[in-house]
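Q: Next up is a structure, given as structure tokens.
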Amino acid sequence: MNKLFLDVGNSRVKIALVSKGGYEVLPAVELSNFLTGEGFDHLLKGKKIEAVYIASVTSHENLERLKLFVQDKCRLFPIILTAQTSACGLVSGYQDFHQLGDDRWMAMQGAIGFYKEPLIVISAGTAMTVDAVMDGKHLGGFIVPGLDSLRASLAMDTAALSVVEDVDSEDVIPGLLAKNTETAILGGTLYMTVAYLNTIIADLNTQLKTSFKIILTGGNAKQLSVLIDGQSEVIPDLILQGMVNIEESVKK
């Protein structure tokens, strides 16, 4: 049985194909391209899909378009995976669990599938989310602008600056000040974001008298991980892993 898992973000769709005895992460697709069906058949290489699971943070309009697309292509109704009060040994820390982003819930589910110790789960995308998990409980979290959003906002509000798109953030060398505007923006926003994360990590370690393991995912995870204080790991398909864990627990 071939099952398709779709992690639908604000700009991209991450995809995993699960078959008997196999788990394969397929190339991510731009959301706008995915909604037009571009390359979908080529991506699946003729495999018949018998179940589709979606976790989404995109708009209601895009989600409805996506559901119609899946119905047309796969001849089935997709199953939408959402945050719950509790599942797979994790209890939501939100007063109203409906308000917790489905992507955050799935990322935490993916993380506890790998590790049982206290965890801080960071999803570094368009928005950056930070969630703490300890003893099977979600302690709560934060939402702030992601690196790309910070850089775009800086360019929007400052007439003399432009959005940095062509400079790789890995060109920012830790410990060195920038010598041009592009790397000044890249480095400044990077260090500001990492300082924020390291402060949260230190405060939580002190407050709860523990040592959190840091799990990062999302497009900017790798850039952040090299400057994070403490033991950290980047898991690019963390949300997809969480979705699979949820589906398997329901199946059992």
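Residue numbers start at 1 in each chain; chains themselves are named A, B, ... in the order of the structure tokens; ligands are numbered from 1 in the order shown.
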Which neighbours of Leu35 in chain A fall inside 12 Å, counting only C-alpha atoms, when residues of the same chain fewer than 3 positions from it are skipped, and could you give them as a VMD selection string?
A: chain A and resid 8 11 to 13 29 to 32 38 to 40 58 61 to 70 72 to 73
Q: Give me, as a ChimeraX atom specification, the residues of range 30-165 of chain A that a backbone DSSP run labels strand (DSSP E).
A: /A:30,51-56,79-80,86-87,90-91,119-124,127-134,137-145
Q: Dump C-alpha atoms for the selected residues as a JSON list (two decimals), in the first residue's frame?
A:
```
[["chain", "number", "residue", "atom", "x", "y", "z"],
["A", 30, "GLU", "CA", 6.92, 24.91, -4.62],
["A", 51, "ALA", "CA", -4.07, 7.11, 1.01],
["A", 52, "VAL", "CA", -3.03, 10.76, 1.31],
["A", 53, "TYR", "CA", -2.37, 12.58, 4.59],
["A", 54, "ILE", "CA", -2.01, 16.36, 4.80],
["A", 55, "ALA", "CA", -0.73, 18.67, 7.55],
["A", 56, "SER", "CA", -1.04, 22.28, 6.47],
["A", 79, "ILE", "CA", -7.08, 12.85, 5.43],
["A", 80, "ILE", "CA", -6.21, 16.10, 7.20],
["A", 86, "SER", "CA", -3.09, 14.36, 23.23],
["A", 87, "ALA", "CA", -1.66, 11.67, 20.97],
["A", 90, "LEU", "CA", 2.25, 13.77, 24.07],
["A", 91, "VAL", "CA", -0.19, 16.16, 25.79],
["A", 119, "LEU", "CA", 13.39, 18.57, 23.93],
["A", 120, "ILE", "CA", 13.25, 22.03, 22.43],
["A", 121, "VAL", "CA", 11.83, 21.79, 18.91],
["A", 122, "ILE", "CA", 12.66, 24.68, 16.57],
["A", 123, "SER", "CA", 10.98, 24.98, 13.19],
["A", 124, "ALA", "CA", 12.90, 27.59, 11.20],
["A", 127, "ALA", "CA", 7.79, 31.92, 10.76],
["A", 128, "MET", "CA", 10.05, 30.42, 13.41],
["A", 129, "THR", "CA", 8.42, 28.42, 16.18],
["A", 130, "VAL", "CA", 9.99, 27.19, 19.40],
["A", 131, "ASP", "CA", 8.33, 24.50, 21.53],
["A", 132, "ALA", "CA", 9.49, 22.70, 24.66],
["A", 133, "VAL", "CA", 8.58, 19.09, 25.49],
["A", 134, "MET", "CA", 9.29, 17.35, 28.79],
["A", 137, "LYS", "CA", 3.99, 17.23, 27.96],
["A", 138, "HIS", "CA", 4.18, 20.19, 25.64],
["A", 139, "LEU", "CA", 5.20, 23.05, 27.93],
["A", 140, "GLY", "CA", 4.29, 25.78, 25.44],
["A", 141, "GLY", "CA", 6.26, 27.84, 22.97],
["A", 142, "PHE", "CA", 6.84, 30.99, 20.94],
["A", 143, "ILE", "CA", 6.30, 32.23, 17.39],
["A", 144, "VAL", "CA", 8.56, 34.89, 15.86],
["A", 145, "PRO", "CA", 9.50, 35.94, 12.31]]
```
Q: Residues of range 24-209 of chain A classed as alpha helix (DSSP H) by DSSP on the backbone are to be reported as a PyMOL selection string.
A: chain A and resi 31-35+40-44+60-74+102-114+147-157+181-208
Q: Mind checking which residues fall within 8 Å of Ile235 in chain A, counting only C-alpha atoms, ignoring those fewer than 3 positions away in the same chain, and posting them as a ChimeraX atom specification?
A: /A:215-217,238
Q: Quick one, how far is CA of His42 in chain A from CA of Ala28 in chain A?
A: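 Going from CA of His42 in chain A over to CA of Ala28 in chain A covers 13.2 Å.
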Q: Residues of range 173-215 of chain A that have any atom at most 12 Å from an atom of range 102-118 of chain A: could you tabulate them with the shortest-distance atom pair and the distance in Å to one decimal, using only C-alpha atoms, ordered by chain and increasing number, as a Markdown table?
A:
```
| residue | atom | partner | partner_atom | distance |
| --- | --- | --- | --- | --- |
| A:Ile201 | CA | A:Pro118 | CA | 11.4 |
| A:Leu204 | CA | A:Pro118 | CA | 10.4 |
| A:Asn205 | CA | A:Pro118 | CA | 9.7 |
| A:Leu208 | CA | A:Pro118 | CA | 9.9 |
| A:Lys209 | CA | A:Pro118 | CA | 10.8 |
| A:Thr210 | CA | A:Pro118 | CA | 7.7 |
| A:Ser211 | CA | A:Pro118 | CA | 7.2 |
| A:Phe212 | CA | A:Pro118 | CA | 5.0 |
| A:Lys213 | CA | A:Pro118 | CA | 6.3 |
| A:Ile214 | CA | A:Pro118 | CA | 8.9 |
| A:Ile215 | CA | A:Ala111 | CA | 7.1 |
```
Q: I need the chosen residues saved as a JSON list (two decimals), in the first residue's frame, with C-alpha atoms.
A:
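What landed in out-v3.json:
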```
[["chain", "number", "residue", "atom", "x", "y", "z"],
["A", 201, "ILE", "CA", 17.50, 27.53, 25.85],
["A", 204, "LEU", "CA", 14.57, 26.91, 30.24],
["A", 205, "ASN", "CA", 17.56, 24.83, 31.30],
["A", 208, "LEU", "CA", 13.52, 23.47, 34.83],
["A", 209, "LYS", "CA", 16.93, 22.31, 36.07],
["A", 210, "THR", "CA", 17.57, 20.11, 33.05],
["A", 211, "SER", "CA", 19.51, 20.08, 29.79],
["A", 212, "PHE", "CA", 17.27, 20.22, 26.75],
["A", 213, "LYS", "CA", 18.25, 18.51, 23.51],
["A", 214, "ILE", "CA", 17.66, 20.87, 20.59],
["A", 215, "ILE", "CA", 15.93, 19.58, 17.45]]
```
Q: Distance CA of Lys48 in chain A-CA of Gly218 in chain A, one decimal place?
A: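 Here the two named atoms are 28.8 Å from each other.
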Q: Please, what distance in Å, to one decimal, runs between CA of Gly242 in chain A and CA of Cys88 in chain A?
A: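 We find that CA of Gly242 in chain A and CA of Cys88 in chain A lie 9.8 Å from each other.
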